[in-house]
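Raw contents of run.txt, compact mmCIF, C-alpha atoms and all ligand atoms:
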# COMPACT_ATOMS: atom_id res chain seq x y z
CA MET D 1 0.00 0.00 0.00
CA GLY D 2 1.22 3.51 -0.76
CA GLN D 3 2.50 5.60 2.14
CA LYS D 4 1.27 8.91 0.82
CA LYS D 5 0.72 11.61 3.43
CA TRP D 6 -1.33 14.67 2.61
CA ARG D 7 0.42 18.02 2.75
CA GLU D 8 -1.14 20.15 5.43
CA ALA D 9 -3.39 22.95 4.19
CA ARG D 10 -4.02 25.05 7.29
CA PRO D 11 -7.43 26.69 7.44
CA ARG D 12 -7.60 30.48 7.19
CA GLU D 13 -7.54 32.08 10.61
CA ASP D 14 -9.65 35.12 9.76
CA TYR D 15 -12.41 33.78 11.97
CA LEU D 16 -13.88 34.92 15.26
CA ARG D 17 -11.42 34.21 18.07
CA ILE D 18 -12.04 35.61 21.54
CA LEU D 19 -9.87 33.31 23.68
CA ASN D 20 -6.26 33.11 22.51
CA PRO D 21 -4.18 29.95 22.95
CA ASP D 22 -2.24 31.64 25.78
CA GLY D 23 -5.47 32.25 27.72
CA SER D 24 -5.64 36.00 27.00
CA VAL D 25 -8.73 37.45 25.33
CA ASN D 26 -9.57 39.64 22.33
CA GLY D 27 -12.50 41.99 22.65
CA ALA D 28 -15.56 41.30 24.74
CA VAL D 29 -15.90 37.94 26.47
CA PRO D 30 -19.51 36.72 26.48
CA GLN D 31 -21.19 37.33 29.81
CA VAL D 32 -21.25 33.97 31.54
CA ALA D 33 -21.61 33.51 35.30
CA ASP D 34 -18.62 32.10 37.17
CA GLU D 35 -20.59 29.04 38.27
CA GLU D 36 -21.55 28.40 34.63
CA LEU D 37 -17.90 28.65 33.54
CA LEU D 38 -17.05 25.97 36.08
CA ARG D 39 -19.90 23.83 34.73
CA TRP D 40 -18.23 24.14 31.30
CA TYR D 41 -14.93 23.16 32.86
CA ARG D 42 -16.41 20.06 34.48
CA ALA D 43 -17.97 19.00 31.15
CA PHE D 44 -14.58 19.44 29.44
CA ILE D 45 -12.85 17.22 32.01
CA GLU D 46 -15.62 14.61 32.08
CA THR D 47 -15.49 14.39 28.29
CA ARG D 48 -11.76 13.71 28.23
CA LEU D 49 -12.01 11.17 31.05
CA LEU D 50 -14.98 9.33 29.60
CA GLU D 51 -13.50 9.09 26.11
CA THR D 52 -10.19 7.85 27.53
CA LEU D 53 -12.03 5.17 29.48
CA GLY D 54 -13.97 4.28 26.31
CA LEU D 55 -10.77 3.79 24.33
CA ARG D 56 -9.37 1.55 27.05
CA LEU D 57 -12.54 -0.54 27.00
CA GLN D 58 -12.13 -0.92 23.26
CA ARG D 59 -8.53 -2.08 23.68
CA ARG D 60 -9.74 -4.67 26.18
CA GLY D 61 -12.35 -5.96 23.74
CA VAL D 62 -15.36 -4.67 25.69
CA LEU D 63 -16.36 -2.16 23.00
CA SER D 64 -16.03 -3.10 19.35
CA VAL D 65 -15.15 0.44 18.33
CA ALA D 66 -14.51 3.73 20.13
CA GLY D 67 -13.85 7.25 18.95
CA THR D 68 -12.91 10.47 20.67
CA SER D 69 -13.45 14.17 20.24
CA LEU D 70 -10.07 15.07 21.76
CA GLY D 71 -9.22 18.65 20.77
CA GLU D 72 -12.77 19.34 19.50
CA GLU D 73 -14.61 19.54 22.82
CA ALA D 74 -15.15 23.30 22.70
CA CYS D 75 -17.40 22.93 19.64
CA GLY D 76 -20.02 20.74 21.30
CA LEU D 77 -19.70 22.48 24.63
CA GLY D 78 -19.86 26.12 23.51
CA ALA D 79 -22.78 25.39 21.18
CA ALA D 80 -24.76 23.28 23.66
CA ALA D 81 -24.35 25.94 26.34
CA ALA D 82 -26.30 28.36 24.11
CA LEU D 83 -29.44 26.19 24.30
CA ARG D 84 -32.07 26.41 26.96
CA PRO D 85 -34.33 23.70 28.44
CA GLY D 86 -36.89 22.46 25.92
CA ASP D 87 -34.59 23.02 22.93
CA TRP D 88 -33.44 20.20 20.68
CA LEU D 89 -29.94 18.79 20.35
CA HIS D 90 -29.24 16.67 17.26
CA PRO D 91 -25.63 15.53 17.70
CA SER D 92 -23.29 13.47 15.56
CA TYR D 93 -20.78 11.16 17.24
CA ARG D 94 -18.27 13.91 18.12
CA GLN D 95 -20.20 15.94 20.65
CA THR D 96 -19.71 14.01 23.87
CA SER D 97 -19.12 17.37 25.54
CA ALA D 98 -22.57 18.63 24.47
CA LEU D 99 -24.20 15.51 25.87
CA LEU D 100 -22.33 15.68 29.17
CA TYR D 101 -23.02 19.41 29.50
CA TRP D 102 -26.75 18.63 29.41
CA GLY D 103 -26.40 15.67 31.78
CA VAL D 104 -27.17 12.82 29.39
CA PRO D 105 -26.85 9.70 31.58
CA VAL D 106 -23.44 8.11 31.00
CA ASP D 107 -24.70 4.61 31.82
CA ARG D 108 -27.20 4.85 28.96
CA MET D 109 -24.63 6.28 26.55
CA MET D 110 -22.26 3.45 27.38
CA ALA D 111 -24.98 0.78 27.14
CA SER D 112 -25.71 2.04 23.67
CA LEU D 113 -22.02 1.77 22.71
CA LEU D 114 -22.14 -1.79 24.04
CA GLY D 115 -24.75 -2.50 21.38
CA HIS D 116 -27.92 -2.71 23.43
CA ALA D 117 -31.29 -1.87 21.87
CA PRO D 118 -32.88 1.41 23.02
CA GLU D 119 -35.97 -0.29 24.51
CA HIS D 120 -33.74 -2.71 26.41
CA ILE D 121 -31.65 0.15 27.79
CA ALA D 122 -34.75 2.06 28.84
CA GLN D 123 -35.98 -1.04 30.65
CA HIS D 124 -32.74 -1.80 32.50
CA LEU D 125 -31.47 1.73 33.15
CA PRO D 126 -34.59 3.77 33.92
CA ILE D 127 -34.04 7.50 34.51
CA PRO D 128 -35.92 9.20 37.34
CA PRO D 129 -37.88 12.05 35.67
CA ASP D 130 -36.02 14.76 37.62
CA LEU D 131 -32.68 13.47 36.30
CA ALA D 132 -33.70 13.41 32.62
CA PRO D 133 -31.79 15.89 30.44
CA LYS D 134 -33.63 19.17 30.06
CA VAL D 135 -33.02 19.35 26.31
CA ARG D 136 -34.54 16.89 23.85
CA LEU D 137 -32.16 14.66 21.95
CA THR D 138 -32.28 12.62 18.79
CA PRO D 139 -29.92 9.65 18.41
CA TYR D 140 -27.26 10.22 15.79
CA PRO D 141 -27.86 8.44 12.53
CA ILE D 142 -24.99 6.34 11.21
CA PHE D 143 -25.68 7.58 7.67
CA LEU D 144 -23.90 10.91 7.75
CA GLY D 145 -25.84 14.08 7.11
CA ALA D 146 -29.26 12.59 7.82
CA ASN D 147 -29.59 14.49 11.08
CA VAL D 148 -29.75 17.81 9.19
CA PRO D 149 -33.13 17.18 7.47
CA LEU D 150 -34.23 15.52 10.71
CA ALA D 151 -33.40 18.71 12.62
CA THR D 152 -35.14 20.91 10.07
CA GLY D 153 -38.19 18.64 10.27
CA VAL D 154 -38.26 19.00 14.04
CA ALA D 155 -37.80 22.76 13.72
CA PHE D 156 -40.66 22.87 11.19
CA ALA D 157 -42.92 21.01 13.64
CA ASP D 158 -42.00 23.47 16.41
CA LYS D 159 -42.70 26.40 14.12
CA LEU D 160 -46.06 25.02 12.97
CA ASN D 161 -47.07 24.47 16.59
CA ASN D 162 -45.82 27.89 17.76
CA ARG D 163 -43.41 26.29 20.20
CA PRO D 164 -40.46 28.53 21.10
CA ASN D 165 -37.83 25.79 20.75
CA VAL D 166 -34.66 25.87 18.68
CA SER D 167 -32.99 22.86 17.03
CA LEU D 168 -29.19 22.68 17.16
CA VAL D 169 -27.64 20.16 14.79
CA PHE D 170 -24.00 19.14 14.31
CA ILE D 171 -22.36 17.80 11.18
CA GLY D 172 -18.75 17.07 10.25
CA GLU D 173 -17.20 19.00 7.36
CA GLY D 174 -16.92 15.78 5.33
CA ALA D 175 -20.63 15.12 5.65
CA THR D 176 -21.45 18.54 4.18
CA SER D 177 -20.75 16.83 0.83
CA GLU D 178 -23.90 14.75 1.38
CA GLY D 179 -27.11 15.76 -0.35
CA ASP D 180 -28.97 15.57 2.97
CA PHE D 181 -27.02 18.58 4.25
CA HIS D 182 -28.22 20.68 1.32
CA ASP D 183 -31.77 19.28 1.41
CA GLY D 184 -32.00 20.34 5.04
CA LEU D 185 -30.46 23.77 4.49
CA GLY D 186 -32.70 24.44 1.49
CA LEU D 187 -35.82 23.78 3.53
CA ALA D 188 -34.53 25.68 6.56
CA GLY D 189 -33.85 28.72 4.37
CA VAL D 190 -37.14 28.83 2.49
CA LEU D 191 -39.28 28.10 5.54
CA LYS D 192 -37.23 30.26 7.95
CA LEU D 193 -36.96 27.42 10.43
CA PRO D 194 -35.66 27.80 14.01
CA CYS D 195 -32.56 25.76 13.39
CA VAL D 196 -28.79 26.24 13.88
CA VAL D 197 -26.40 24.04 11.92
CA VAL D 198 -22.88 23.70 13.32
CA VAL D 199 -20.33 22.40 10.83
CA GLN D 200 -17.57 20.94 12.98
CA ASN D 201 -14.64 21.26 10.61
CA ASN D 202 -11.95 19.08 12.17
CA GLN D 203 -9.89 19.09 8.95
CA TRP D 204 -10.35 15.38 8.28
CA SER D 205 -13.04 13.04 7.06
CA ILE D 206 -11.32 9.78 8.00
CA SER D 207 -8.33 10.03 5.57
CA VAL D 208 -9.70 12.82 3.33
CA PRO D 209 -8.39 16.29 4.28
CA SER D 210 -10.84 19.18 4.22
CA SER D 211 -8.80 20.76 1.42
CA ARG D 212 -9.94 17.83 -0.78
CA GLN D 213 -13.52 17.85 0.45
CA THR D 214 -14.55 21.03 -1.34
CA ALA D 215 -13.08 23.67 -3.60
CA ALA D 216 -14.99 26.32 -1.66
CA GLU D 217 -12.72 28.47 0.49
CA THR D 218 -14.66 27.78 3.66
CA PHE D 219 -17.48 25.52 4.78
CA ALA D 220 -19.40 28.51 6.09
CA GLN D 221 -19.78 29.58 2.45
CA LYS D 222 -22.07 26.64 1.82
CA ALA D 223 -24.77 28.60 3.65
CA VAL D 224 -24.76 31.34 1.00
CA ALA D 225 -26.44 29.28 -1.69
CA HIS D 226 -29.32 28.60 0.67
CA GLY D 227 -29.76 32.24 1.65
CA LEU D 228 -28.64 31.60 5.21
CA PRO D 229 -26.35 33.77 7.32
CA SER D 230 -23.19 32.13 8.59
CA HIS D 231 -20.41 32.62 11.11
CA ARG D 232 -16.94 31.14 11.01
CA VAL D 233 -15.26 30.73 14.38
CA ASP D 234 -12.20 29.25 16.03
CA GLY D 235 -13.69 25.95 17.16
CA ASN D 236 -10.99 25.55 19.82
CA ASP D 237 -12.21 28.71 21.51
CA VAL D 238 -15.24 27.90 23.62
CA PHE D 239 -16.17 31.60 23.90
CA ALA D 240 -16.18 32.15 20.14
CA VAL D 241 -18.34 29.07 19.57
CA TYR D 242 -20.71 30.11 22.35
CA ALA D 243 -20.99 33.71 21.12
CA ALA D 244 -21.72 32.75 17.51
CA VAL D 245 -24.17 29.98 18.35
CA GLN D 246 -25.90 32.14 20.94
CA GLU D 247 -26.47 34.83 18.33
CA ALA D 248 -27.78 32.24 15.87
CA VAL D 249 -30.04 30.65 18.51
CA ASP D 250 -31.47 34.06 19.50
CA ARG D 251 -32.12 34.87 15.87
CA ALA D 252 -33.88 31.53 15.33
CA ARG D 253 -35.99 32.05 18.46
CA ARG D 254 -37.07 35.48 17.24
CA GLY D 255 -38.50 33.76 14.14
CA GLU D 256 -35.82 35.10 11.80
CA GLY D 257 -34.73 31.68 10.59
CA ALA D 258 -31.79 29.33 10.44
CA SER D 259 -28.02 29.95 10.41
CA VAL D 260 -24.83 28.02 9.86
CA VAL D 261 -21.78 28.18 12.13
CA GLU D 262 -18.50 26.70 10.92
CA ALA D 263 -16.30 25.79 13.89
CA VAL D 264 -12.69 25.34 12.76
CA THR D 265 -11.00 22.69 14.86
CA TYR D 266 -8.81 19.61 14.55
CA ARG D 267 -9.25 15.88 15.10
CA MET D 268 -6.28 15.10 17.34
CA MET D 269 -6.74 11.31 17.38
CA ASP D 270 -7.45 8.66 14.77
CA HIS D 271 -10.90 8.82 13.18
CA ASN D 272 -11.77 6.02 15.61
CA SER D 273 -10.12 2.90 17.00
CA ALA D 274 -10.38 1.24 13.57
CA ASP D 275 -8.23 3.91 11.89
CA SER D 276 -4.53 4.76 11.83
CA ALA D 277 -4.06 8.44 11.02
CA SER D 278 -0.26 8.26 11.00
CA ILE D 279 -0.54 6.59 7.58
CA TYR D 280 -1.97 9.71 5.94
CA ARG D 281 -0.94 12.76 7.99
CA THR D 282 2.24 14.07 9.54
CA ASP D 283 3.24 14.31 13.20
CA GLU D 284 4.21 17.97 12.67
CA GLU D 285 0.62 18.78 11.77
CA VAL D 286 -0.70 17.18 14.95
CA GLU D 287 1.99 18.92 17.02
CA TYR D 288 0.97 22.29 15.62
CA TRP D 289 -2.65 21.74 16.62
CA LYS D 290 -1.65 20.64 20.12
CA SER D 291 -0.52 24.22 20.67
CA LEU D 292 -4.13 25.32 20.03
CA ASP D 293 -5.70 22.92 22.51
CA PRO D 294 -9.14 24.16 23.66
CA LEU D 295 -8.90 22.91 27.25
CA ASP D 296 -5.39 24.29 27.89
CA ARG D 297 -6.45 27.79 26.91
CA PHE D 298 -9.70 27.64 28.86
CA GLU D 299 -7.80 26.48 31.95
CA ARG D 300 -5.31 29.32 31.54
CA TYR D 301 -8.19 31.77 31.33
CA LEU D 302 -9.91 30.38 34.44
CA VAL D 303 -6.65 30.39 36.40
CA ALA D 304 -5.94 33.98 35.38
CA ARG D 305 -9.46 34.93 36.49
CA GLY D 306 -8.83 33.29 39.88
CA LEU D 307 -11.63 30.75 39.32
CA LEU D 308 -9.40 27.68 39.11
CA ASP D 309 -6.28 26.43 40.86
CA ASP D 310 -4.44 23.13 41.11
CA ALA D 311 -6.54 21.97 44.05
CA LEU D 312 -9.82 22.56 42.20
CA LYS D 313 -8.45 20.92 39.05
CA GLN D 314 -7.68 17.82 41.09
CA GLN D 315 -11.02 17.96 42.87
CA VAL D 316 -12.97 18.06 39.59
CA ARG D 317 -11.12 14.96 38.36
CA ASP D 318 -11.45 13.17 41.68
CA GLU D 319 -15.21 13.74 41.65
CA ALA D 320 -15.76 12.89 37.99
CA GLU D 321 -13.78 9.69 37.62
CA PRO D 322 -15.56 7.49 40.20
CA GLN D 323 -18.92 8.66 38.87
CA LEU D 324 -17.97 7.80 35.30
CA ARG D 325 -16.59 4.42 36.35
CA ALA D 326 -19.76 3.63 38.30
CA ALA D 327 -21.90 4.55 35.28
CA ILE D 328 -19.79 2.31 33.04
CA SER D 329 -20.20 -0.56 35.52
CA ARG D 330 -23.97 -0.10 35.49
CA ALA D 331 -23.93 -0.24 31.69
CA ARG D 332 -21.80 -3.37 31.70
CA ALA D 333 -24.20 -5.03 34.13
CA VAL D 334 -27.10 -4.75 31.65
CA PRO D 335 -27.97 -8.30 30.50
CA PRO D 336 -27.57 -8.99 26.77
CA THR D 337 -30.27 -7.60 24.52
CA PRO D 338 -32.28 -10.62 23.28
CA PRO D 339 -31.18 -10.94 19.63
CA GLU D 340 -34.71 -11.66 18.36
CA SER D 341 -35.82 -8.27 19.71
CA MET D 342 -34.28 -6.69 16.62
CA PHE D 343 -37.35 -7.95 14.77
CA LEU D 344 -39.81 -6.25 17.09
CA ASN D 345 -39.82 -3.05 15.07
CA HIS D 346 -40.37 -2.50 11.42
CA LEU D 347 -41.34 0.69 9.74
CA ASN D 348 -44.66 0.00 8.06
CA GLY D 349 -46.98 -2.57 6.54
CA ASP D 350 -46.50 -6.34 6.88
CA PRO D 351 -42.95 -7.62 7.28
CA GLY D 352 -41.52 -8.43 3.84
CA TRP D 353 -39.81 -11.59 2.61
CA THR D 354 -36.28 -10.50 3.62
CA PHE D 355 -37.46 -9.57 7.07
CA ARG D 356 -39.17 -12.92 7.60
CA HIS D 357 -36.23 -14.78 6.13
CA GLN D 358 -33.75 -13.15 8.48
CA GLN D 359 -36.08 -13.67 11.42
CA ARG D 360 -36.21 -17.40 10.68
CA GLU D 361 -32.43 -17.56 10.19
CA CYS D 362 -31.98 -15.93 13.59
CA ALA D 363 -34.42 -18.38 15.21
CA VAL D 364 -32.47 -21.34 13.77
CA GLU D 365 -29.20 -19.94 15.07
CA LEU D 366 -30.62 -19.26 18.53
CA ALA D 367 -31.87 -22.87 18.64
CA GLY D 368 -28.27 -24.00 18.16
CA GLY D 369 -28.43 -24.68 14.42
CA ASN D 370 -26.39 -23.26 11.57
CA PRO D 371 -28.70 -21.05 9.50
CA PHE D 372 -26.60 -21.56 6.39
CA VAL D 373 -26.81 -25.35 6.58
CA ASP D 374 -29.95 -26.06 8.56
CA PHE D 375 -32.26 -23.50 7.02
CA THR D 376 -32.87 -23.25 3.32
CA GLY D 377 -35.49 -20.56 3.46
CA GLU D 378 -37.84 -22.84 1.54
CA GLY D 379 -41.48 -22.04 1.92
CA LEU D 380 -41.05 -18.42 2.88
C1 LIG D 401 -23.61 8.44 4.12
C2 LIG D 401 -22.36 7.90 4.75
N1 LIG D 401 -21.26 7.76 4.00
C3 LIG D 401 -20.13 7.26 4.56
C4 LIG D 401 -20.10 6.87 5.87
C5 LIG D 401 -18.80 6.31 6.49
N2 LIG D 401 -18.16 7.32 7.33
C6 LIG D 401 -18.36 7.32 8.68
S1 LIG D 401 -17.59 8.61 9.44
C7 LIG D 401 -16.97 9.19 7.96
C8 LIG D 401 -16.16 10.45 7.94
C9 LIG D 401 -16.96 11.65 8.30
O1 LIG D 401 -16.16 12.81 8.30
P1 LIG D 401 -16.73 14.17 8.83
O2 LIG D 401 -18.11 14.39 8.33
O3 LIG D 401 -15.72 15.21 8.55
O4 LIG D 401 -16.88 13.91 10.41
P2 LIG D 401 -15.71 13.57 11.46
O5 LIG D 401 -15.60 12.08 11.54
O6 LIG D 401 -14.47 14.20 10.97
O7 LIG D 401 -16.20 14.16 12.74
C10 LIG D 401 -17.37 8.37 6.91
C11 LIG D 401 -16.99 8.57 5.50
C12 LIG D 401 -21.29 7.02 6.62
N3 LIG D 401 -21.36 6.68 7.92
N4 LIG D 401 -22.40 7.53 6.05
MG MG D 402 -14.26 15.93 9.79
Kindly present the structure from the file in structure tokens form.
Amino acid sequence: MGQKKWREARPREDYLRILNPDGSVNGAVPQVADEELLRWYRAFIETRLLETLGLRLQRRGVLSVAGTSLGEEACGLGAAAALRPGDWLHPSYRQTSALLYWGVPVDRMMASLLGHAPEHIAQHLPIPPDLAPKVRLTPYPIFLGANVPLATGVAFADKLNNRPNVSLVFIGEGATSEGDFHDGLGLAGVLKLPCVVVVQNNQWSISVPSSRQTAAETFAQKAVAHGLPSHRVDGNDVFAVYAAVQEAVDRARRGEGASVVEAVTYRMMDHNSADSASIYRTDEEVEYWKSLDPLDRFERYLVARGLLDDALKQQVRDEAEPQLRAAISRARAVPPTPPESMFLNHLNGDPGWTFRHQQRECAVELAGGNPFVDFTGEGL
């Protein structure tokens, strides 16, 4: 196999940046209460800890695949913090920080990564109503881009019913090449839907660099063709993400329609545990982006403000880790999802031939037979 590495094409830095990598600030910092800043900090730390534990579980064969959002946490966090209870969050798989910010139960998240069916998880890990997240969530679709029309559909329903909610949806820069992204944006533009689309541009779509994803100069530009306003921000600056998304959310809530926010960031790790990024990109590139780390600069800012010191840093970790470990243990204690339960749901009408065939194959296997030898499918 060839050993070609892509030459780095650094993104333009003429974007909104409020928090510099050294922790100093440019211009006005969004007004956020001290307690809220510490909530952001805890979500940052929990995200890093949880994803590290997830990777270790993958290495031990507990999870079949694990990914991380290392270096990208400010995108999910800053955007999610701009929502209010009742709003909708439509994540992709790189917004662990958004989920943890809104208190999505870690045991359920982990049970889902373990492959359990949603109904099974709900049955074995019930959530007391007062602990349920205060935003509404949709599960991320594996087919990239599909959550954009989903979000615009939800926003349309809210608009038709005069509900004051906003839908926040995340998509990777690679997935903006999907038709679904444009279908969703087209509708959101024409119908002025209360929707904010965050393009999390982490420079890579598995092994395809963003410079090969589009000939457009920026991903924010993709909004123009749909008549939508856009912002382009430093995605490693939690204040810039928050400020831009907050403005877009306010606009959507006032009934003025949808917006796009491109958050420029970097995927520090492999695409997921099934990838090996060192084959296609250089160490120098990764080193450069380490110097822009979103948590380092936020910590520097909090320390300079007198809100954080070494003792509190340690305390946050010491509180988070046992809680995360306990949640993972609860998820691991969930009994296996009965395999035949995958046939409990089908979309509409009577189950078709393929459905019935697979159901019978599964039944043969569960009875100890070999579906390929012991079941011919005859008579179906
Ligand atoms: C429609 C579709 N095509 C391809 C894939 C396989 N796939 C999964 S993740 C991925 C890369 C996505 O890159 P990007 O949108 O930039 O998101 P990132 O992983 O960088 O966060 C691809 C091609 C898929 N899941 N769905
Ligand atoms: Mg990407």
Contacts with ligand MG 402 (chain D) at most 7 Å, all atoms listed in the file counted, listed as a list in words: Gly172, Glu173, Gly174, Gln200, Asn201, Asn202, Gln203, Trp204 and Ser205 of chain D
Prev. selection, C-alpha atoms, output as a PDB file, keeping the file's coordinate frame:
ATOM      1  CA  GLY D 172     -18.750  17.070  10.250  1.00  0.00           C
ATOM      2  CA  GLU D 173     -17.200  19.000   7.360  1.00  0.00           C
ATOM      3  CA  GLY D 174     -16.920  15.780   5.330  1.00  0.00           C
ATOM      4  CA  GLN D 200     -17.570  20.940  12.980  1.00  0.00           C
ATOM      5  CA  ASN D 201     -14.640  21.260  10.610  1.00  0.00           C
ATOM      6  CA  ASN D 202     -11.950  19.080  12.170  1.00  0.00           C
ATOM      7  CA  GLN D 203      -9.890  19.090   8.950  1.00  0.00           C
ATOM      8  CA  TRP D 204     -10.350  15.380   8.280  1.00  0.00           C
ATOM      9  CA  SER D 205     -13.040  13.040   7.060  1.00  0.00           C
TER      10      SER D 205
END
At most 10 Å from ligand LIG 401 (chain D) (only C-alpha atoms and all ligand atoms): residue list as a PyMOL selection string: chain D and resi 67-69+72+92-95+141-146+170-180+199-210+213+265-267+270-272
Given only C-alpha atoms as the counted atoms, nearest of D:Arg136, D:Lys313, D:Arg48, D:Arg332 to D:Thr96: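 Nearest candidate to D:Thr96 out of D:Arg136, D:Lys313, D:Arg48, D:Arg332: D:Arg48.
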Nearest residue to D:Leu324 from the set D:Leu99, D:Met110, D:Pro21, D:Ala9 (distances using only C-alpha atoms):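 Closest candidate: D:Met110.
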Among listed residues D:Gly76, D:Pro351, D:Pro194, D:Gly184, nearest D:Ala157 (using all atoms listed in the file):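 Among D:Gly76, D:Pro351, D:Pro194, D:Gly184, it is D:Pro194 that comes nearest to D:Ala157.
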Interatomic distance (Å, one decimal) between atom CA of D:Ser276 and atom CA of D:Glu46: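 Calculated distance between atom CA of D:Ser276 and atom CA of D:Glu46 is 25.1 Å.
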Among the residues D:Arg163, D:Pro229, D:Val169, D:Gly257, the one that comes closest to D:Leu187 [using all atoms listed in the file]: D:Gly257
Contact residues around D:Gly103 with only C-alpha atoms at 10 Å, ignoring same-chain residues under 3 positions, as a PyMOL selection string: chain D and resi 43+97-100+106+131-135
Go ahead and write the selection's residues with C-alpha atoms as a PDB file, keeping the file's coordinate frame.
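Just written: result-v5.pdb:
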ATOM      1  CA  ALA D  43     -17.970  19.000  31.150  1.00  0.00           C
ATOM      2  CA  SER D  97     -19.120  17.370  25.540  1.00  0.00           C
ATOM      3  CA  ALA D  98     -22.570  18.630  24.470  1.00  0.00           C
ATOM      4  CA  LEU D  99     -24.200  15.510  25.870  1.00  0.00           C
ATOM      5  CA  LEU D 100     -22.330  15.680  29.170  1.00  0.00           C
ATOM      6  CA  VAL D 106     -23.440   8.110  31.000  1.00  0.00           C
ATOM      7  CA  LEU D 131     -32.680  13.470  36.300  1.00  0.00           C
ATOM      8  CA  ALA D 132     -33.700  13.410  32.620  1.00  0.00           C
ATOM      9  CA  PRO D 133     -31.790  15.890  30.440  1.00  0.00           C
ATOM     10  CA  LYS D 134     -33.630  19.170  30.060  1.00  0.00           C
ATOM     11  CA  VAL D 135     -33.020  19.350  26.310  1.00  0.00           C
TER      12      VAL D 135
END
Close residues, D:Val260 itself excluded, 6 Å, all atoms listed in the file, min 6 positions apart in chain, as a list of chain:residue names: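 Non-adjacent residues within range: D:Val196, D:Val197, D:Val198, D:Ser230.
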Could you rebuild stretch 14-25 of chain D with N, CA and C atoms and give me the result as a PDB file, in the frame of the given file?
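This went into result04.pdb:
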ATOM      1  N   ASP D  14      -8.907  33.854   9.668  1.00  0.00           N
ATOM      2  CA  ASP D  14      -9.650  35.120   9.760  1.00  0.00           C
ATOM      3  C   ASP D  14     -11.065  34.866  10.276  1.00  0.00           C
ATOM      4  N   TYR D  15     -11.117  34.131  11.380  1.00  0.00           N
ATOM      5  CA  TYR D  15     -12.410  33.780  11.970  1.00  0.00           C
ATOM      6  C   TYR D  15     -12.543  34.491  13.316  1.00  0.00           C
ATOM      7  N   LEU D  16     -13.704  34.311  13.936  1.00  0.00           N
ATOM      8  CA  LEU D  16     -13.880  34.920  15.260  1.00  0.00           C
ATOM      9  C   LEU D  16     -13.070  34.131  16.287  1.00  0.00           C
ATOM     10  N   ARG D  17     -12.155  34.822  16.953  1.00  0.00           N
ATOM     11  CA  ARG D  17     -11.420  34.210  18.070  1.00  0.00           C
ATOM     12  C   ARG D  17     -11.457  35.198  19.221  1.00  0.00           C
ATOM     13  N   ILE D  18     -11.981  34.758  20.350  1.00  0.00           N
ATOM     14  CA  ILE D  18     -12.040  35.610  21.540  1.00  0.00           C
ATOM     15  C   ILE D  18     -10.953  35.176  22.539  1.00  0.00           C
ATOM     16  N   LEU D  19     -10.830  33.855  22.709  1.00  0.00           N
ATOM     17  CA  LEU D  19      -9.870  33.310  23.680  1.00  0.00           C
ATOM     18  C   LEU D  19      -8.625  32.832  22.932  1.00  0.00           C
ATOM     19  N   ASN D  20      -7.515  33.481  23.188  1.00  0.00           N
ATOM     20  CA  ASN D  20      -6.260  33.110  22.510  1.00  0.00           C
ATOM     21  C   ASN D  20      -5.666  31.856  23.145  1.00  0.00           C
ATOM     22  N   PRO D  21      -4.789  31.176  22.392  1.00  0.00           N
ATOM     23  CA  PRO D  21      -4.180  29.950  22.950  1.00  0.00           C
ATOM     24  C   PRO D  21      -3.442  30.189  24.266  1.00  0.00           C
ATOM     25  N   ASP D  22      -2.943  31.402  24.519  1.00  0.00           N
ATOM     26  CA  ASP D  22      -2.240  31.640  25.780  1.00  0.00           C
ATOM     27  C   ASP D  22      -3.191  32.018  26.926  1.00  0.00           C
ATOM     28  N   GLY D  23      -4.492  31.979  26.658  1.00  0.00           N
ATOM     29  CA  GLY D  23      -5.470  32.250  27.720  1.00  0.00           C
ATOM     30  C   GLY D  23      -5.881  33.715  27.799  1.00  0.00           C
ATOM     31  N   SER D  24      -5.219  34.594  27.026  1.00  0.00           N
ATOM     32  CA  SER D  24      -5.640  36.000  27.000  1.00  0.00           C
ATOM     33  C   SER D  24      -6.859  36.135  26.078  1.00  0.00           C
ATOM     34  N   VAL D  25      -7.511  37.304  26.134  1.00  0.00           N
ATOM     35  CA  VAL D  25      -8.730  37.450  25.330  1.00  0.00           C
ATOM     36  C   VAL D  25      -8.645  38.653  24.382  1.00  0.00           C
TER      37      VAL D  25
END
